[in-house]
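Undergrad: Got a structure here, written out as structure tokens. Questions coming.
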Amino acid sequence: MARILLIGNYGPSVLLFYGDLIRRLTALGHQVHASAPEGGAALSADLAGVGARFHQVPLARAGINPFADRAYGRRLGTLMRKIRPDLVLTYTAKPNIWGAFAAARAGIRSIAMVNGLGYAFMSGGGIKQRIARWAVAFLCRRATRLNHRVIFLNPDDRQLFLATGMLADPGKARMLNGNGVDMAHYARAPLPDGPVFLMISRLVGDKGVREYGEAAVAVKRIHPEARFFLVGYMDANPDCIAQTELDVWIAGGLEFLGRLDDIRPAMAEASVYCLPSYREGLPRSSLEAMAMGRPVITTDAPGCRETVVDGETGLMIPPRDMRALQAAMERLIAEPALRARMGAAGYERASALYDVHKVTEALIGHLELE
């Protein structure tokens with residue numbers, strides 16, 4: 001049986017995204033180790049409960065600091081020499097890059113999962129963003145030469161990697177339907193009668209938070225009966241939402257719920273889920289909304305466009321278009337029967353394509369474990 005090291009950039013995401021994978025691997029007799037920058041004793045205990053061992057490895061998630069990032073790579077190398085895994089499985093940009101380098105130096109097979117491309121690859125931006133994009137692309141080209149496989153969650157990211165040379169060998173590419181969603185945990189719930197909109201996101205601009213906040217205020221003036229929830233938290237990101245912006249939206253009727261450990265009660269209160277993001281890998285929150293029977297308003301952007309069938313399971317709008325978001329909200333306020341039909345169709349789509357157990361089995365196949 002194999003010894004597997006899973007490396008991510010955020011402690012809570014280990015179980016949230018890959019808990020089912022860890023359970024399945026341990027049930028098959030494999031030994032699983034997981035690494036993240038934070039989590040401590042609490043995450044260690046949670047992972048032990050599903051059969052994995054946790055290793056905390058410090059990482060500066062935001063920004064590009066070559067000295068700090070190289071130090072992170074060295075720490076990963078030390079960890080690999082200690083536990084001697086047969087396979088290193090990484091996700092998100094910095095673990096993908098520095099994990100590939102460390103694994104190659106240790107003679108270990110590595111597989112990277114591209115969960116989205118982040119701030120550096122958003123359109124627009126200034127000189128700092130262009131420098132960051134060049135640096136990430138350069139490092140990705142080097143890292144993917146060392147990977148055994150590179151797994152993508154949407155075809156746009158795969159095409160970008162191939163077109164720009166960030167992945168030179170198309171034979172290494174594999175596709176996966178996101179990280180999956182636990183259909184039993186996010187159980188289908190009845191839609192409320194009234195129009196209640198919800199967005200769940202880190203409070204950064206490229207998630208479309210500004211468009212959502214401004215659309216909420218605009219629609220609230222016309223439809224005072226409508227409610228607008230925002231769940232999320234400030235993030236260390238160059239495009240982080242300012243507290244003053246949030247305060248304006250709250251004054252205009254937005255209900256800010258802050259960070260929630262369990263989003264199911266908020267989702268159960270909502271009748272429509274919104275994610276007007278500029279780019280995603282494949283957004284888990286939209287899948288959770290679909291599993292709970294909610295129609296989804298999202299953008300015709302990489303990752304987002306894969307989740308929704310426009311006009312059937314939700315509505316698709318252009319990215320960065322507050323007026324289009326406002327119009328979509330107003331349409332679903334006016335047509336409660338359409339909300340119900342779209343929510344039911346979204347549930348069926350989630351069950352057919354994104355059930356976490358189906359996704360986990362596909363991912364295990366990509367790992368090619370003996």
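In the structure tokens, the first chain shown is A, the next is B, and so on; residue numbers restart at 1 for each chain, and ligands run from 1 in the order shown.
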Just asking: which residues within region 32-67 of chain A are strand (DSSP E or B) according to DSSP, as a list in words?
TA: Val32, His33, Ala34, Ser35, Ala36, Ala52, Arg53, Phe54, His55 and Gln56 of chain A
Undergrad: Might you pull out every residue within 12 Å of Tyr186 (chain A), with only C-alpha atoms counted and same-chain residues fewer than 2 positions away left off, and present them as an NGL selection string?
TA: :A and (180-184 or 188-189 or 262-268 or 284-294 or 347 or 350-351 or 355-356)
Undergrad: Could you write out the selected residues, including C-alpha atoms, as an mmCIF file, in the first residue's frame?
TA:
```
data_model
loop_
_atom_site.group_PDB
_atom_site.id
_atom_site.type_symbol
_atom_site.label_atom_id
_atom_site.label_comp_id
_atom_site.auth_asym_id
_atom_site.auth_seq_id
_atom_site.Cartn_x
_atom_site.Cartn_y
_atom_site.Cartn_z
ATOM 1 C CA GLY A 180 -17.336 17.281 -5.384
ATOM 2 C CA VAL A 181 -20.101 17.959 -2.902
ATOM 3 C CA ASP A 182 -21.470 15.726 -0.147
ATOM 4 C CA MET A 183 -25.095 15.394 -1.215
ATOM 5 C CA ALA A 184 -26.116 13.957 2.160
ATOM 6 C CA ARG A 188 -31.921 19.441 -0.252
ATOM 7 C CA ALA A 189 -34.095 21.932 1.637
ATOM 8 C CA ASP A 262 -21.516 25.838 8.736
ATOM 9 C CA ILE A 263 -23.170 27.562 5.778
ATOM 10 C CA ARG A 264 -26.173 25.218 5.592
ATOM 11 C CA PRO A 265 -28.536 27.317 7.756
ATOM 12 C CA ALA A 266 -27.815 30.417 5.641
ATOM 13 C CA MET A 267 -28.293 28.421 2.441
ATOM 14 C CA ALA A 268 -31.579 27.018 3.749
ATOM 15 C CA ARG A 284 -17.616 24.577 -4.360
ATOM 16 C CA SER A 285 -20.168 27.038 -2.986
ATOM 17 C CA SER A 286 -22.201 26.840 -6.198
ATOM 18 C CA LEU A 287 -22.208 23.049 -5.951
ATOM 19 C CA GLU A 288 -23.379 23.256 -2.331
ATOM 20 C CA ALA A 289 -26.195 25.575 -3.416
ATOM 21 C CA MET A 290 -27.240 23.185 -6.174
ATOM 22 C CA ALA A 291 -27.156 20.218 -3.775
ATOM 23 C CA MET A 292 -29.533 22.112 -1.491
ATOM 24 C CA GLY A 293 -31.864 22.874 -4.409
ATOM 25 C CA ARG A 294 -31.020 26.533 -5.014
ATOM 26 C CA TYR A 347 -30.166 19.519 -7.618
ATOM 27 C CA ALA A 350 -25.297 18.206 -8.809
ATOM 28 C CA SER A 351 -26.364 14.632 -8.086
ATOM 29 C CA ASP A 355 -21.530 13.923 -6.002
ATOM 30 C CA VAL A 356 -18.348 13.761 -3.908
#
```
Undergrad: With only C-alpha atoms as the counted atoms, please give the residues lying no more than 10 Å from Leu76 (chain A), apart from itself and same-chain residues fewer than 4 positions off, as number ranges by chain.
TA: A: 7, 35, 55, 57-58, 70-72, 80-82, 95, 98-103
Undergrad: How would the residues just picked look written out with N, CA, C and O atoms as a PDB file, in the first residue's frame?
TA:
```pdb
ATOM      1  N   ILE A   7      -0.708  18.119   0.135  1.00  0.00           N
ATOM      2  CA  ILE A   7      -0.195  19.428   0.531  1.00  0.00           C
ATOM      3  C   ILE A   7      -1.117  20.526   0.012  1.00  0.00           C
ATOM      4  O   ILE A   7      -1.379  20.618  -1.197  1.00  0.00           O
ATOM      5  N   SER A  35      -0.430  18.227   4.842  1.00  0.00           N
ATOM      6  CA  SER A  35       0.329  19.398   5.262  1.00  0.00           C
ATOM      7  C   SER A  35      -0.435  20.664   4.921  1.00  0.00           C
ATOM      8  O   SER A  35      -1.030  20.778   3.842  1.00  0.00           O
ATOM      9  N   HIS A  55       0.793  17.591   9.393  1.00  0.00           N
ATOM     10  CA  HIS A  55       2.099  18.229   9.548  1.00  0.00           C
ATOM     11  C   HIS A  55       1.946  19.709   9.208  1.00  0.00           C
ATOM     12  O   HIS A  55       1.583  20.041   8.074  1.00  0.00           O
ATOM     13  N   VAL A  57       3.256  23.146   8.160  1.00  0.00           N
ATOM     14  CA  VAL A  57       4.415  23.717   7.469  1.00  0.00           C
ATOM     15  C   VAL A  57       4.096  25.166   7.131  1.00  0.00           C
ATOM     16  O   VAL A  57       3.221  25.426   6.295  1.00  0.00           O
ATOM     17  N   PRO A  58       4.762  26.129   7.757  1.00  0.00           N
ATOM     18  CA  PRO A  58       4.446  27.555   7.540  1.00  0.00           C
ATOM     19  C   PRO A  58       4.586  27.971   6.077  1.00  0.00           C
ATOM     20  O   PRO A  58       5.481  27.509   5.357  1.00  0.00           O
ATOM     21  N   ARG A  70      11.072  30.019  -1.211  1.00  0.00           N
ATOM     22  CA  ARG A  70      12.118  28.989  -1.256  1.00  0.00           C
ATOM     23  C   ARG A  70      12.265  28.292   0.098  1.00  0.00           C
ATOM     24  O   ARG A  70      12.492  27.078   0.161  1.00  0.00           O
ATOM     25  N   ALA A  71      12.121  29.082   1.175  1.00  0.00           N
ATOM     26  CA  ALA A  71      12.185  28.484   2.512  1.00  0.00           C
ATOM     27  C   ALA A  71      11.047  27.491   2.701  1.00  0.00           C
ATOM     28  O   ALA A  71      11.225  26.419   3.317  1.00  0.00           O
ATOM     29  N   TYR A  72       9.863  27.829   2.167  1.00  0.00           N
ATOM     30  CA  TYR A  72       8.726  26.906   2.219  1.00  0.00           C
ATOM     31  C   TYR A  72       9.064  25.615   1.471  1.00  0.00           C
ATOM     32  O   TYR A  72       8.802  24.503   1.959  1.00  0.00           O
ATOM     33  N   MET A  80       9.297  15.676   3.461  1.00  0.00           N
ATOM     34  CA  MET A  80       9.285  14.505   2.580  1.00  0.00           C
ATOM     35  C   MET A  80      10.383  13.513   2.952  1.00  0.00           C
ATOM     36  O   MET A  80      10.167  12.289   2.909  1.00  0.00           O
ATOM     37  N   ARG A  81      11.539  14.010   3.302  1.00  0.00           N
ATOM     38  CA  ARG A  81      12.615  13.103   3.717  1.00  0.00           C
ATOM     39  C   ARG A  81      12.259  12.388   5.014  1.00  0.00           C
ATOM     40  O   ARG A  81      12.680  11.251   5.248  1.00  0.00           O
ATOM     41  N   LYS A  82      11.450  13.056   5.846  1.00  0.00           N
ATOM     42  CA  LYS A  82      11.047  12.453   7.117  1.00  0.00           C
ATOM     43  C   LYS A  82      10.032  11.335   6.928  1.00  0.00           C
ATOM     44  O   LYS A  82      10.167  10.242   7.505  1.00  0.00           O
ATOM     45  N   PRO A  95       1.777  25.390  -3.122  1.00  0.00           N
ATOM     46  CA  PRO A  95       2.069  23.962  -2.922  1.00  0.00           C
ATOM     47  C   PRO A  95       2.341  23.222  -4.228  1.00  0.00           C
ATOM     48  O   PRO A  95       3.203  22.340  -4.275  1.00  0.00           O
ATOM     49  N   TRP A  98       6.131  24.551  -5.313  1.00  0.00           N
ATOM     50  CA  TRP A  98       7.232  24.182  -4.421  1.00  0.00           C
ATOM     51  C   TRP A  98       7.157  22.718  -4.006  1.00  0.00           C
ATOM     52  O   TRP A  98       8.182  22.089  -3.740  1.00  0.00           O
ATOM     53  N   GLY A  99       5.954  22.166  -4.020  1.00  0.00           N
ATOM     54  CA  GLY A  99       5.818  20.737  -3.768  1.00  0.00           C
ATOM     55  C   GLY A  99       6.415  19.909  -4.891  1.00  0.00           C
ATOM     56  O   GLY A  99       7.039  18.866  -4.645  1.00  0.00           O
ATOM     57  N   ALA A 100       6.236  20.362  -6.149  1.00  0.00           N
ATOM     58  CA  ALA A 100       6.823  19.652  -7.287  1.00  0.00           C
ATOM     59  C   ALA A 100       8.348  19.682  -7.223  1.00  0.00           C
ATOM     60  O   ALA A 100       9.015  18.661  -7.464  1.00  0.00           O
ATOM     61  N   PHE A 101       8.902  20.858  -6.895  1.00  0.00           N
ATOM     62  CA  PHE A 101      10.357  20.963  -6.808  1.00  0.00           C
ATOM     63  C   PHE A 101      10.916  20.051  -5.703  1.00  0.00           C
ATOM     64  O   PHE A 101      11.895  19.328  -5.911  1.00  0.00           O
ATOM     65  N   ALA A 102      10.280  20.103  -4.534  1.00  0.00           N
ATOM     66  CA  ALA A 102      10.764  19.301  -3.405  1.00  0.00           C
ATOM     67  C   ALA A 102      10.633  17.811  -3.697  1.00  0.00           C
ATOM     68  O   ALA A 102      11.521  17.014  -3.383  1.00  0.00           O
ATOM     69  N   ALA A 103       9.519  17.414  -4.299  1.00  0.00           N
ATOM     70  CA  ALA A 103       9.313  15.998  -4.603  1.00  0.00           C
ATOM     71  C   ALA A 103      10.338  15.499  -5.621  1.00  0.00           C
ATOM     72  O   ALA A 103      10.858  14.389  -5.500  1.00  0.00           O
TER      73      ALA A 103
END
```
Undergrad: Counting only C-alpha atoms, which of A:Leu89, A:Leu198, A:Ala324, A:Ala216 gets nearest to Leu257 (chain A)?
TA: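 For Leu257 (chain A), the nearest of the candidates is A:Leu198.
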Undergrad: Counting only C-alpha atoms, which residues of region 210-314 of chain A sit at most 10 Å from some atom of region 150-167 of chain A, and what is each one's closest atom pair with its distance in Å to one decimal, listed by chain and rising residue number, as CSV?
TA:
```
residue,atom,partner,partner_atom,distance
A:Arg279,CA,A:Asp157,CA,9.7
A:Glu280,CA,A:Asn154,CA,8.7
A:Gly281,CA,A:Leu153,CA,5.5
A:Leu282,CA,A:Leu153,CA,5.8
A:Pro283,CA,A:Leu153,CA,9.5
A:Ala301,CA,A:Asp156,CA,8.9
A:Pro302,CA,A:Asp156,CA,5.6
A:Gly303,CA,A:Asn154,CA,5.5
A:Cys304,CA,A:Asn154,CA,8.9
A:Arg305,CA,A:Asn154,CA,9.2
A:Glu306,CA,A:Asn154,CA,7.2
A:Thr307,CA,A:Asn154,CA,9.9
```
Undergrad: For a quick check of understanding, using only C-alpha atoms, which of A:Arg320, A:Lys220, A:Arg174, A:Ser110 has the smallest distance to Thr144 (chain A)?
TA: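 Distance minimum relative to Thr144 (chain A) lands on A:Ser110.
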Undergrad: Give the helix (DSSP H, G or I) residues of region 111-282 of chain A, as DSSP finds them on the backbone, and put them as a ChimeraX atom specification.
TA: /A:119-121,127-146,155-164,170-172,205-207,209-222,243-251,264-269
Undergrad: Which polymer residues have any atom within 12 Å of an atom of Gly314 (chain A), counting only C-alpha atoms, with same-chain residues fewer than 5 positions away left out, as number ranges by chain?
TA: A: 271-275, 286, 289-290, 293-300, 304-309, 328-329, 331-332, 338-347, 349
Undergrad: Which value, in Å to one decimal, gives the distance between CA of Gly29 (chain A) and CA of Met113 (chain A)?
TA: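 CA of Met113 (chain A) lies at a distance of 22.8 Å from CA of Gly29 (chain A).
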Undergrad: Write out as a compact mmCIF listing (two decimals) with C-alpha atoms, in the first residue's frame the residues lying within 8 Å of Ala52 (chain A), counting only C-alpha atoms and excluding same-chain residues fewer than 5 positions away.
TA:
```txt
# COMPACT_ATOMS: atom_id res chain seq x y z
CA ILE A 22 -8.70 10.74 2.78
CA THR A 26 -7.33 4.97 4.33
CA GLN A 31 -1.33 5.79 4.69
CA VAL A 32 -2.24 9.48 4.32
CA HIS A 33 -0.29 12.49 5.57
CA ALA A 34 -1.51 16.08 5.11
CA LEU A 47 -7.49 14.53 10.53
```
Undergrad: Please list as a PyMOL selection string every residue within 8 Å of Leu230 (chain A), counting only C-alpha atoms and excluding residues in the same chain fewer than 3 positions away.
TA: chain A and resi 198-201+254-258
Undergrad: Work out how far CA of Lys128 (chain A) is from CA of Leu203 (chain A), in Å to one decimal.
TA: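 Pair CA of Leu203 (chain A) / CA of Lys128 (chain A) returns 20.4 Å.
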Undergrad: CA of Glu361 (chain A) and CA of Arg202 (chain A), how far apart in Å?
TA: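 CA of Glu361 (chain A) lies at a distance of 29.2 Å from CA of Arg202 (chain A).
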